[in-house]
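entry.txt (compact mmCIF, C-alpha atoms and all ligand atoms) appears below.
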# COMPACT_ATOMS: atom_id res chain seq x y z
CA MET A 1 0.00 0.00 0.00
CA LEU A 2 1.24 3.48 -0.96
CA GLU A 3 1.88 5.68 2.13
CA ASN A 4 1.45 9.44 1.71
CA ASP A 5 1.38 12.60 3.71
CA ILE A 6 -1.58 13.77 1.63
CA ILE A 7 -4.07 12.13 -0.76
CA ILE A 8 -5.85 14.46 -3.17
CA ALA A 9 -9.09 13.25 -4.75
CA GLY A 10 -9.50 15.08 -8.09
CA GLY A 11 -6.83 16.41 -10.46
CA GLY A 12 -8.61 19.49 -11.83
CA PRO A 13 -7.02 22.96 -11.60
CA ILE A 14 -7.35 23.12 -7.80
CA GLY A 15 -6.12 19.61 -6.97
CA LEU A 16 -3.13 20.04 -9.29
CA TYR A 17 -2.18 23.42 -7.80
CA LEU A 18 -2.42 22.09 -4.24
CA ALA A 19 -0.37 19.02 -5.17
CA GLY A 20 2.34 21.18 -6.76
CA ARG A 21 2.65 23.31 -3.62
CA LEU A 22 2.93 20.23 -1.38
CA LEU A 23 5.41 18.40 -3.62
CA GLN A 24 7.52 21.55 -3.87
CA LYS A 25 7.97 21.48 -0.10
CA GLY A 26 8.96 17.83 -0.13
CA TYR A 27 5.70 16.27 1.07
CA CYS A 28 4.65 12.94 -0.36
CA CYS A 29 1.37 13.28 -2.18
CA THR A 30 -0.84 11.24 -4.52
CA ILE A 31 -3.50 12.75 -6.76
CA LEU A 32 -6.27 10.43 -7.90
CA GLU A 33 -8.06 11.66 -11.04
CA LYS A 34 -10.81 9.68 -12.73
CA LYS A 35 -10.48 11.25 -16.19
CA THR A 36 -8.05 9.78 -18.73
CA ALA A 37 -6.92 13.19 -19.97
CA ILE A 38 -7.56 16.92 -19.59
CA ASP A 39 -10.99 17.97 -20.86
CA PRO A 40 -10.45 20.16 -23.97
CA HIS A 41 -13.79 21.93 -23.41
CA SER A 42 -12.85 25.32 -22.04
CA LYS A 43 -14.78 26.65 -19.05
CA SER A 44 -12.73 29.29 -17.28
CA LEU A 45 -10.86 31.89 -19.29
CA GLY A 46 -9.63 34.42 -16.74
CA ILE A 47 -6.77 34.31 -14.26
CA HIS A 48 -6.94 37.20 -11.81
CA PRO A 49 -3.91 39.11 -10.42
CA VAL A 50 -4.34 37.52 -6.95
CA SER A 51 -3.81 34.07 -8.54
CA LEU A 52 -0.88 35.29 -10.65
CA GLU A 53 0.73 36.43 -7.38
CA LEU A 54 0.30 32.88 -6.00
CA PHE A 55 1.83 31.43 -9.18
CA GLU A 56 4.74 33.84 -8.87
CA LYS A 57 5.35 32.61 -5.31
CA ALA A 58 5.25 29.04 -6.62
CA GLY A 59 7.71 29.91 -9.41
CA ILE A 60 5.36 29.05 -12.30
CA VAL A 61 3.90 32.40 -13.35
CA GLU A 62 6.12 32.73 -16.44
CA LYS A 63 4.59 29.61 -17.97
CA PHE A 64 1.15 31.25 -17.79
CA LEU A 65 2.34 34.65 -19.02
CA LEU A 66 3.93 33.00 -22.07
CA ARG A 67 0.64 31.45 -23.17
CA GLY A 68 -1.98 33.90 -21.92
CA LEU A 69 -3.25 37.22 -23.23
CA LYS A 70 -3.22 40.29 -20.96
CA ILE A 71 -6.56 42.10 -20.69
CA LYS A 72 -5.71 45.54 -19.34
CA LYS A 73 -8.98 47.28 -20.00
CA GLY A 74 -12.74 46.66 -20.22
CA LEU A 75 -15.23 48.78 -22.14
CA ALA A 76 -18.68 49.33 -20.64
CA PHE A 77 -21.69 49.81 -22.93
CA TRP A 78 -25.29 50.70 -22.12
CA ASN A 79 -27.26 49.03 -24.90
CA ARG A 80 -25.03 50.11 -27.85
CA GLU A 81 -23.68 53.34 -26.34
CA LYS A 82 -20.21 53.35 -24.82
CA LEU A 83 -20.39 54.61 -21.22
CA GLY A 84 -16.73 54.44 -20.26
CA GLU A 85 -13.72 52.23 -19.61
CA ILE A 86 -12.43 50.30 -16.67
CA THR A 87 -8.68 50.01 -16.68
CA PHE A 88 -6.78 47.62 -14.42
CA GLU A 89 -3.59 49.66 -14.70
CA HIS A 90 -4.26 51.49 -11.42
CA CYS A 91 -4.76 48.25 -9.48
CA PRO A 92 -2.20 47.34 -6.81
CA GLY A 93 0.49 44.70 -7.32
CA PRO A 94 2.76 43.64 -10.17
CA PHE A 95 0.04 42.11 -12.40
CA ARG A 96 -2.30 44.89 -13.49
CA TYR A 97 -4.39 42.83 -15.88
CA ILE A 98 -6.55 39.73 -16.13
CA LEU A 99 -4.78 36.96 -17.98
CA ALA A 100 -7.01 35.25 -20.56
CA ILE A 101 -6.09 31.60 -21.03
CA PRO A 102 -8.44 28.65 -21.64
CA GLN A 103 -8.90 26.31 -18.66
CA TRP A 104 -7.48 23.28 -20.49
CA GLN A 105 -4.19 25.13 -21.04
CA THR A 106 -4.12 26.15 -17.38
CA GLU A 107 -4.57 22.50 -16.37
CA GLN A 108 -1.88 21.44 -18.82
CA ILE A 109 0.64 23.86 -17.27
CA LEU A 110 -0.24 22.72 -13.74
CA GLN A 111 -0.05 19.04 -14.72
CA GLN A 112 3.40 19.48 -16.30
CA TRP A 113 4.56 21.26 -13.15
CA VAL A 114 3.32 18.41 -10.91
CA GLU A 115 4.95 15.81 -13.19
CA SER A 116 8.24 17.71 -13.09
CA LEU A 117 8.17 17.56 -9.27
CA ASP A 118 7.14 13.89 -9.03
CA PRO A 119 6.38 11.95 -12.24
CA GLY A 120 4.38 9.33 -10.30
CA ALA A 121 2.22 11.63 -8.16
CA LEU A 122 -0.75 12.01 -10.55
CA ILE A 123 -2.64 8.79 -11.21
CA ARG A 124 -5.19 9.12 -14.03
CA GLN A 125 -8.17 6.83 -14.70
CA ALA A 126 -8.31 6.44 -10.92
CA GLU A 127 -11.80 6.92 -9.54
CA VAL A 128 -12.04 7.17 -5.76
CA LEU A 129 -14.71 4.73 -4.62
CA ASP A 130 -14.24 4.59 -0.88
CA ILE A 131 -12.69 6.77 1.82
CA THR A 132 -12.21 5.48 5.37
CA GLU A 133 -10.86 7.45 8.29
CA LYS A 134 -8.49 5.68 10.66
CA GLU A 135 -7.25 6.92 14.02
CA SER A 136 -4.09 8.50 12.64
CA GLY A 137 -4.84 8.72 8.92
CA VAL A 138 -7.14 8.17 5.96
CA GLN A 139 -7.40 5.30 3.50
CA ALA A 140 -8.81 5.63 -0.02
CA ILE A 141 -9.76 2.85 -2.42
CA TYR A 142 -9.70 3.67 -6.11
CA HIS A 143 -10.60 1.82 -9.26
CA LYS A 144 -8.23 1.68 -12.24
CA ASN A 145 -8.46 -0.55 -15.31
CA GLY A 146 -10.90 -2.90 -13.60
CA LYS A 147 -8.76 -3.34 -10.45
CA LYS A 148 -9.05 -1.87 -6.97
CA TYR A 149 -6.08 -0.23 -5.23
CA THR A 150 -5.63 1.24 -1.76
CA VAL A 151 -3.63 4.32 -0.75
CA SER A 152 -3.21 5.79 2.67
CA GLY A 153 -2.24 9.22 3.94
CA LYS A 154 -2.43 11.45 6.98
CA TYR A 155 -5.12 13.65 5.41
CA LEU A 156 -7.31 13.53 2.30
CA ILE A 157 -8.29 16.65 0.39
CA GLY A 158 -11.44 16.52 -1.72
CA CYS A 159 -10.74 18.57 -4.86
CA ASP A 160 -13.21 16.48 -6.79
CA GLY A 161 -15.54 19.20 -8.03
CA LYS A 162 -19.15 20.21 -7.51
CA TYR A 163 -20.47 16.65 -7.06
CA SER A 164 -17.60 15.76 -4.68
CA PHE A 165 -17.50 12.16 -3.50
CA ALA A 166 -15.22 13.22 -0.62
CA ARG A 167 -17.78 15.78 0.58
CA LYS A 168 -20.58 13.21 0.41
CA THR A 169 -18.47 10.63 2.26
CA ALA A 170 -17.73 13.16 5.00
CA ALA A 171 -21.49 13.96 5.11
CA ILE A 172 -20.86 17.71 4.86
CA PRO A 173 -24.00 19.61 3.78
CA PHE A 174 -23.67 21.70 0.59
CA ASP A 175 -26.05 24.60 1.03
CA GLY A 176 -27.23 26.71 -1.91
CA SER A 177 -29.50 26.81 -4.92
CA PRO A 178 -29.63 27.70 -8.62
CA TYR A 179 -30.12 31.30 -9.78
CA PRO A 180 -32.84 31.97 -12.38
CA ASP A 181 -30.21 33.11 -14.93
CA SER A 182 -28.94 31.20 -17.95
CA TYR A 183 -26.38 31.93 -20.66
CA ILE A 184 -25.09 30.70 -23.97
CA MET A 185 -21.34 30.88 -24.56
CA GLY A 186 -19.17 30.56 -27.65
CA ASP A 187 -15.55 30.98 -28.73
CA PHE A 188 -15.18 32.46 -32.24
CA SER A 189 -12.39 33.86 -34.35
CA ASP A 190 -12.17 37.53 -33.35
CA ASN A 191 -13.73 39.81 -35.99
CA THR A 192 -14.21 42.83 -33.70
CA ASP A 193 -12.16 46.02 -33.35
CA PHE A 194 -11.83 45.53 -29.60
CA GLY A 195 -8.32 44.05 -29.80
CA ARG A 196 -7.10 43.04 -26.32
CA GLN A 197 -9.98 44.79 -24.55
CA ALA A 198 -12.99 43.14 -22.95
CA ALA A 199 -16.42 44.60 -23.70
CA ILE A 200 -19.49 44.37 -21.47
CA PHE A 201 -22.87 45.33 -22.90
CA LEU A 202 -25.62 45.95 -20.34
CA HIS A 203 -28.49 45.60 -22.76
CA LYS A 204 -32.21 45.97 -22.18
CA LYS A 205 -32.69 42.45 -23.56
CA GLY A 206 -29.90 40.98 -21.42
CA LEU A 207 -26.16 41.02 -20.82
CA ILE A 208 -23.49 40.37 -23.47
CA GLU A 209 -19.86 39.87 -22.46
CA SER A 210 -17.03 39.65 -24.98
CA PHE A 211 -13.47 38.68 -23.98
CA PRO A 212 -10.32 38.34 -26.08
CA LEU A 213 -8.59 34.94 -25.98
CA PRO A 214 -5.11 33.94 -27.15
CA ASN A 215 -4.63 32.89 -30.80
CA GLY A 216 -6.99 35.48 -32.26
CA HIS A 217 -10.11 34.01 -30.67
CA ARG A 218 -12.85 35.81 -28.72
CA ARG A 219 -15.37 34.49 -26.22
CA TRP A 220 -18.98 35.66 -26.23
CA VAL A 221 -21.29 35.10 -23.24
CA VAL A 222 -24.91 36.02 -23.88
CA LYS A 223 -27.78 36.03 -21.38
CA THR A 224 -30.76 33.95 -22.49
CA ASP A 225 -34.35 33.86 -21.22
CA GLN A 226 -34.04 30.17 -20.45
CA ARG A 227 -31.43 27.44 -20.62
CA VAL A 228 -30.70 26.59 -24.27
CA LYS A 229 -30.87 22.79 -24.55
CA LYS A 230 -29.11 22.45 -27.90
CA PRO A 231 -26.67 25.38 -28.13
CA GLU A 232 -25.78 26.32 -31.70
CA SER A 233 -23.50 29.05 -33.03
CA ARG A 234 -26.31 30.48 -35.17
CA TYR A 235 -28.29 31.34 -32.03
CA ILE A 236 -25.42 33.32 -30.46
CA CYS A 237 -24.88 35.12 -33.79
CA ASP A 238 -28.58 36.08 -33.92
CA LEU A 239 -28.62 37.39 -30.32
CA VAL A 240 -25.40 39.38 -30.75
CA LYS A 241 -26.63 40.90 -34.02
CA GLU A 242 -30.02 41.77 -32.57
CA ARG A 243 -28.70 43.34 -29.35
CA ILE A 244 -25.49 45.11 -30.34
CA GLY A 245 -25.50 45.04 -34.15
CA HIS A 246 -22.23 43.10 -34.49
CA SER A 247 -22.17 40.32 -37.09
CA LEU A 248 -20.55 37.07 -35.98
CA TYR A 249 -21.92 35.11 -38.94
CA GLU A 250 -18.60 35.15 -40.80
CA ALA A 251 -16.51 34.39 -37.69
CA GLU A 252 -15.41 30.78 -37.23
CA PRO A 253 -16.97 29.09 -34.17
CA PHE A 254 -14.75 26.78 -32.07
CA MET A 255 -16.85 25.94 -29.04
CA ILE A 256 -20.50 26.52 -28.14
CA SER A 257 -22.18 25.66 -24.84
CA SER A 258 -24.90 26.86 -22.53
CA PHE A 259 -24.96 27.00 -18.77
CA GLY A 260 -27.14 27.78 -15.78
CA VAL A 261 -25.65 29.28 -12.63
CA GLN A 262 -25.76 28.29 -8.99
CA HIS A 263 -24.24 29.11 -5.66
CA PHE A 264 -23.29 26.46 -3.12
CA LEU A 265 -21.12 26.54 -0.02
CA ALA A 266 -20.14 23.58 2.16
CA LYS A 267 -21.29 24.04 5.76
CA ASP A 268 -17.78 23.16 6.94
CA LEU A 269 -14.69 22.74 4.80
CA TYR A 270 -13.51 19.75 6.83
CA SER A 271 -14.63 16.75 8.80
CA GLY A 272 -12.10 14.72 10.76
CA ARG A 273 -9.11 14.24 8.46
CA ILE A 274 -10.94 15.16 5.25
CA LEU A 275 -10.66 18.72 3.89
CA LEU A 276 -12.43 20.26 0.91
CA ALA A 277 -11.08 22.76 -1.65
CA GLY A 278 -12.23 24.26 -4.96
CA ASP A 279 -15.67 23.49 -6.39
CA ALA A 280 -16.02 20.62 -3.92
CA ALA A 281 -16.18 23.30 -1.22
CA HIS A 282 -17.90 26.18 -3.02
CA VAL A 283 -19.54 27.09 -6.31
CA VAL A 284 -20.20 30.70 -7.33
CA SER A 285 -21.67 32.09 -10.53
CA PRO A 286 -19.11 32.19 -13.39
CA ILE A 287 -20.32 35.69 -14.27
CA GLY A 288 -17.34 37.66 -13.00
CA GLY A 289 -14.98 34.73 -13.56
CA GLN A 290 -14.05 33.94 -9.98
CA GLY A 291 -14.75 30.23 -9.28
CA MET A 292 -11.38 28.75 -10.16
CA ASN A 293 -9.49 31.75 -8.78
CA LEU A 294 -11.37 31.42 -5.49
CA GLY A 295 -10.38 27.76 -5.52
CA TRP A 296 -6.69 28.66 -5.78
CA LEU A 297 -6.94 31.20 -2.94
CA GLY A 298 -8.48 28.42 -0.86
CA ALA A 299 -5.92 25.85 -2.02
CA GLU A 300 -3.08 28.14 -0.89
CA LEU A 301 -4.74 28.55 2.50
CA CYS A 302 -5.29 24.79 2.61
CA PHE A 303 -1.60 24.20 1.75
CA LEU A 304 -0.45 26.48 4.61
CA THR A 305 -2.89 24.71 6.97
CA LEU A 306 -1.64 21.25 5.94
CA LYS A 307 1.98 22.28 6.32
CA LYS A 308 1.34 23.37 9.91
CA SER A 309 -0.78 20.29 10.62
CA LEU A 310 1.96 17.96 9.37
CA GLN A 311 4.52 19.81 11.51
CA HIS A 312 2.31 19.75 14.62
CA PRO A 313 0.29 16.52 14.53
CA GLY A 314 -2.52 16.50 17.05
CA TYR A 315 -3.45 20.16 16.49
CA HIS A 316 -4.97 19.73 13.05
CA GLN A 317 -8.58 20.11 14.22
CA LYS A 318 -8.05 23.72 15.37
CA MET A 319 -6.15 24.62 12.19
CA PHE A 320 -8.82 23.07 9.96
CA GLU A 321 -11.45 25.13 11.76
CA VAL A 322 -9.53 28.34 10.99
CA TYR A 323 -9.13 27.32 7.32
CA SER A 324 -12.84 26.61 7.04
CA LYS A 325 -13.86 29.90 8.65
CA LYS A 326 -11.50 32.08 6.58
CA GLN A 327 -12.25 30.51 3.21
CA ARG A 328 -16.02 30.47 3.80
CA GLU A 329 -15.87 34.20 4.56
CA ILE A 330 -13.92 34.91 1.34
CA VAL A 331 -16.40 32.85 -0.68
CA LYS A 332 -19.39 34.69 0.75
CA GLN A 333 -17.88 38.03 -0.27
CA ALA A 334 -17.03 36.77 -3.76
CA ALA A 335 -20.52 35.31 -4.20
CA ARG A 336 -22.05 38.71 -3.37
CA ARG A 337 -19.87 40.34 -6.05
CA ALA A 338 -20.89 37.72 -8.62
CA GLU A 339 -24.55 38.27 -7.70
CA MET A 340 -24.13 42.00 -8.32
CA ASN A 341 -22.66 41.28 -11.78
CA MET A 342 -25.62 39.04 -12.62
CA TRP A 343 -28.13 41.53 -11.26
CA LEU A 344 -26.76 44.22 -13.58
CA GLY A 345 -27.00 41.87 -16.54
CA ARG A 346 -30.73 41.16 -16.13
CA ALA A 347 -33.10 42.81 -18.58
CA GLU A 348 -35.40 44.04 -15.78
CA ASN A 349 -32.56 46.13 -14.30
CA SER A 350 -32.06 48.29 -17.37
CA GLY A 351 -33.94 51.34 -16.04
CA LYS A 352 -32.86 54.99 -16.00
CA ALA A 353 -31.65 54.97 -12.37
CA VAL A 354 -29.28 52.05 -13.01
CA GLU A 355 -28.04 53.73 -16.17
CA LEU A 356 -27.25 56.98 -14.31
CA ALA A 357 -25.49 55.13 -11.50
CA LEU A 358 -23.39 53.24 -14.04
CA ARG A 359 -22.44 56.39 -15.91
CA LEU A 360 -20.89 57.65 -12.66
CA LEU A 361 -19.31 54.32 -11.73
CA VAL A 362 -17.38 53.90 -14.96
CA GLN A 363 -15.64 57.27 -14.58
CA PRO A 364 -12.54 57.73 -12.37
CA PRO A 365 -12.14 57.55 -9.41
CA ALA A 366 -15.15 55.20 -9.00
CA SER A 367 -13.93 53.09 -11.95
CA HIS A 368 -10.64 52.41 -10.09
CA LEU A 369 -12.63 50.91 -7.22
CA LEU A 370 -14.68 48.84 -9.70
CA ALA A 371 -11.45 47.57 -11.26
CA LYS A 372 -10.31 46.38 -7.83
CA LEU A 373 -13.63 44.63 -7.21
CA PHE A 374 -13.50 42.91 -10.63
CA THR A 375 -9.96 41.69 -9.96
CA MET A 376 -10.91 40.11 -6.62
CA ARG A 377 -9.06 42.57 -4.40
CA GLY A 378 -9.98 42.90 -0.75
CA LEU A 379 -11.46 39.42 -0.34
CA GLY A 380 -10.72 38.31 3.23
CA ARG A 381 -8.24 40.12 5.41
CA TRP A 382 -5.52 37.45 5.21
CA TRP A 383 -5.01 38.11 1.54
CA VAL A 384 -5.40 41.93 1.22
C1 LIG B 401 -19.11 28.08 -18.17
C2 LIG B 401 -18.15 28.27 -17.05
C3 LIG B 401 -17.23 29.32 -17.13
C4 LIG B 401 -16.33 29.53 -16.08
N1 LIG B 401 -15.46 30.58 -16.16
C5 LIG B 401 -14.62 30.83 -15.12
C6 LIG B 401 -13.70 31.93 -15.18
O1 LIG B 401 -13.60 32.65 -16.18
N2 LIG B 401 -12.89 32.12 -14.10
C7 LIG B 401 -12.93 31.32 -12.99
O2 LIG B 401 -12.18 31.55 -12.04
N3 LIG B 401 -13.77 30.26 -12.94
C8 LIG B 401 -14.61 29.99 -13.96
N4 LIG B 401 -15.43 28.91 -13.92
C9 LIG B 401 -15.38 28.00 -12.75
C10 LIG B 401 -14.25 26.96 -12.91
O3 LIG B 401 -14.39 26.26 -14.13
C11 LIG B 401 -14.27 25.99 -11.72
O4 LIG B 401 -14.34 26.76 -10.54
C12 LIG B 401 -13.05 25.08 -11.68
O5 LIG B 401 -13.07 24.14 -12.71
C13 LIG B 401 -13.00 24.31 -10.34
O6 LIG B 401 -11.87 23.50 -10.32
P1 LIG B 401 -11.81 22.22 -9.36
O7 LIG B 401 -10.47 21.62 -9.56
O8 LIG B 401 -12.23 22.60 -7.99
O9 LIG B 401 -12.97 21.26 -9.88
P2 LIG B 401 -13.12 20.56 -11.31
O10 LIG B 401 -12.58 21.40 -12.39
O11 LIG B 401 -14.54 20.12 -11.38
O12 LIG B 401 -12.17 19.28 -11.19
C14 LIG B 401 -12.52 18.21 -10.33
C15 LIG B 401 -11.82 16.97 -10.83
O13 LIG B 401 -12.12 15.88 -9.95
C16 LIG B 401 -12.31 14.70 -10.72
N5 LIG B 401 -13.14 13.78 -9.92
C17 LIG B 401 -14.44 13.90 -9.57
N6 LIG B 401 -14.84 12.85 -8.83
C18 LIG B 401 -13.75 12.04 -8.70
C19 LIG B 401 -13.53 10.80 -8.04
N7 LIG B 401 -14.49 10.17 -7.34
N8 LIG B 401 -12.29 10.24 -8.14
C20 LIG B 401 -11.29 10.86 -8.83
N9 LIG B 401 -11.46 12.02 -9.48
C21 LIG B 401 -12.67 12.62 -9.41
C22 LIG B 401 -12.98 15.19 -11.99
O14 LIG B 401 -12.78 14.28 -13.06
C23 LIG B 401 -12.29 16.53 -12.22
O15 LIG B 401 -11.16 16.42 -13.08
C24 LIG B 401 -16.35 28.66 -14.95
C25 LIG B 401 -17.25 27.60 -14.89
C26 LIG B 401 -18.15 27.41 -15.92
C27 LIG B 401 -19.13 26.28 -15.82

Could you quickly redo this structure as C-alpha cells?
Amino acid sequence: MLENDIIIAGGGPIGLYLAGRLLQKGYCCTILEKKTAIDPHSKSLGIHPVSLELFEKAGIVEKFLLRGLKIKKGLAFWNREKLGEITFEHCPGPFRYILAIPQWQTEQILQQWVESLDPGALIRQAEVLDITEKESGVQAIYHKNGKKYTVSGKYLIGCDGKYSFARKTAAIPFDGSPYPDSYIMGDFSDNTDFGRQAAIFLHKKGLIESFPLPNGHRRWVVKTDQRVKKPESRYICDLVKERIGHSLYEAEPFMISSFGVQHFLAKDLYSGRILLAGDAAHVVSPIGGQGMNLGWLGAELCFLTLKKSLQHPGYHQKMFEVYSKKQREIVKQAARRAEMNMWLGRAENSGKAVELALRLLVQPPASHLLAKLFTMRGLGRWWV
C-alpha cells in the first residue's frame, strides 16, 4: 500500500495546484483523477492578479504569461452606447491585468509542473470509490483498469468538483441553490475592433460579455431567457446581431455551450481528516470569472494549513477550523460580487436609475474601485 502525507481526490485545476505546492515542499502526495486526460472543453478563461501572485510565489507564473493574453482594460456599454472604460492599470500589485487563457491550457501547465516535481504523483483513470478514516490517517480505495487499489495518507483533500465524492463521504451539507439566470457561450475567431480589450454590454434584452482569448479568438457570453438545450453558433450570432449590431456570422466558431448558474457553499470545509477545496467546497456564478481563482486562494490557505498540521500533529482540528472559517468568509464576499454582476445583466434592471449610476461608476475615481472589485481585491483580510 502506498503511504502518503496527503491524498488528493480530483486532479482538476485546484487539486493540481495544491499538489504542486505540497510536492515543492517535499511532502509525499498522490492525486487520484478519474479522467483519462484533460478535458479540452474550455470553461474558465480568466486568471486574476491575486492568482498570478500565487503562481509567482510558486515559481510558475512565467509559464502562464507566455501562453496567456493580458486584458488591461474593459469597455462598458449601455445598450449600444459606450459609457466608459475600466482600466486595471491602477490596481495594486505587479500584475495589473486579467490573464485570458483557456482552462485546459491552465490544467496542462499545472499538470506538467506536478509531473516535473514527481512523475508518479498524478494517477489518471483512478476513480475514488471509498474513503475510510483511521485513528491517525485516511485510507482511499480507487478503481483503475478494472482493479481496486488502496492508498493511505495522513489527510485527504477533496478537490473532486461540484459533485464531490469526498464531501458526500464526509457527510458535509452543501447549502445553496440555482439562480434563475442562464447563458449561452461561444468561442469564435475575433472579428471585432476591440483588440485586447474586454467589452461588457448591459443591454435591455440581457447582458453580453465579450473577452479576447489567445490565438486570435474571442469568447462571447450572452444572457438567455431560459437554458438553451441544444446550443448552436447560429443562435449566439442572432442574439449578438439583434442586441449590439455586431455580425458574428462570418466568424469561425470553435466551441458553443450553454450554462445555468448556482451558488453552493459547504457548511464546513472539513470533517475529521478530510478537507475540501475548490468546487467541492464552493460554487459561485461564473459571471465575473471567480470560481477557479477562489479555488486557488483556498488551495493556498489549505496548503499552509496542511503544512502546519503535518509539523504539529494533534493540532490539526483547530487549524482546519480556521481554514474553514476564513475561506467560507472569502467565498461569501465573492458570491455577493458575482450576484451583483448578474443583477446588472438582467433585462429588468435596465432602467434609467441604473443607467445613471453606471455612468458615474465607470468614470474615475469610481472606476478604479470597480477595477479592484472585478480583480478580486480585498477578499478576506488574510489576503489583502
Ligand atoms: C461556463 C463556465 C465558465 C467559467 N469561467 C470561469 C472563469 O472565467 N474564471 C474562474 O475563475 N472560474 C470559472 N469557472 C469555474 C471553474 O471552471 C471551476 O471553478 C473550476 O473548474 C473548479 O476547479 P476544481 O479543480 O475545484 O474542480 P473541477 O474542475 O470540477 O475538477 C474536479 C476533478 O475531480 C475529478 N473527480 C471527480 N470525482 C472524482 C472521483 N471520485 N475520483 C477521482 N477524481 C474525481 C474530476 O474528473 C475533475 O477532473 C467557470 C465555470 C463554468 C461552468

Might you pull out every residue within 9 Å of Ile101 of chain A, with all atoms listed in the file counted and same-chain residues fewer than 4 positions away left off, and present them as a PDB file with C-alpha atoms, in the coordinates of the input?
ATOM      1  CA  SER A  44     -12.730  29.290 -17.280  1.00  0.00           C
ATOM      2  CA  LEU A  45     -10.860  31.890 -19.290  1.00  0.00           C
ATOM      3  CA  GLY A  46      -9.630  34.420 -16.740  1.00  0.00           C
ATOM      4  CA  ILE A  47      -6.770  34.310 -14.260  1.00  0.00           C
ATOM      5  CA  PHE A  64       1.150  31.250 -17.790  1.00  0.00           C
ATOM      6  CA  ARG A  67       0.640  31.450 -23.170  1.00  0.00           C
ATOM      7  CA  GLY A  68      -1.980  33.900 -21.920  1.00  0.00           C
ATOM      8  CA  LEU A  69      -3.250  37.220 -23.230  1.00  0.00           C
ATOM      9  CA  GLN A 105      -4.190  25.130 -21.040  1.00  0.00           C
ATOM     10  CA  THR A 106      -4.120  26.150 -17.380  1.00  0.00           C
ATOM     11  CA  LEU A 213      -8.590  34.940 -25.980  1.00  0.00           C
ATOM     12  CA  PRO A 214      -5.110  33.940 -27.150  1.00  0.00           C
TER      13      PRO A 214
END

Exercise for the section: Using only C-alpha atoms and all ligand atoms, find each protein or nucleic acid residue lying at most 8 Å from ligand LIG 401 (chain B); present the set as a PyMOL selection string. Expected result: chain A and resi 9-16+32-35+38-39+42-48+103+125-129+142+159-166+185+257-259+261+277-281+283-295

Handout entry: Nearest to Gly378 of chain A, chosen from A:Ser189, A:Gly314, A:Glu329, A:Phe303, with only C-alpha atoms counted in the distances
Key =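 Smallest distance to Gly378 of chain A is found for A:Glu329.
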
Exercise for the section: Rank A:Lys325, A:Arg273, A:Lys205, A:His282 by their smallest atom-to-atom distance to Arg80 of chain A, using all atoms listed in the file, and report the top residue only. Expected result: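 Of the candidates, the smallest distance to Arg80 of chain A is held by A:Lys205.
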
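Of the listed residues (A:Arg21, A:Arg218, A:His263, A:Lys63), A:His263 comes nearest to Ala335 of chain A; the distances count only C-alpha atoms.
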
Practice task
Can you pull out every residue within 10 Å of Pro92 of chain A, counting all atoms listed in the file, but drop anything in the same chain fewer than 5 positions away, and send it as a list in words?
Solution key: Pro49, Lys372 and Arg377 of chain A

Output the selection as an mmCIF file, keeping the file's coordinate frame - C-alpha atoms for each residue.
data_model
loop_
_atom_site.group_PDB
_atom_site.id
_atom_site.type_symbol
_atom_site.label_atom_id
_atom_site.label_comp_id
_atom_site.auth_asym_id
_atom_site.auth_seq_id
_atom_site.Cartn_x
_atom_site.Cartn_y
_atom_site.Cartn_z
ATOM 1 C CA PRO A 49 -3.910 39.110 -10.420
ATOM 2 C CA LYS A 372 -10.310 46.380 -7.830
ATOM 3 C CA ARG A 377 -9.060 42.570 -4.400
#

Exercise for the section: Write out as number ranges by chain each polymer residue whose atoms come within 10 Å of Thr192 of chain A, counting only C-alpha atoms; drop sequence neighbours fewer than 3 positions from it. Expected result: A: 189, 195, 210, 212, 218, 246-248, 251
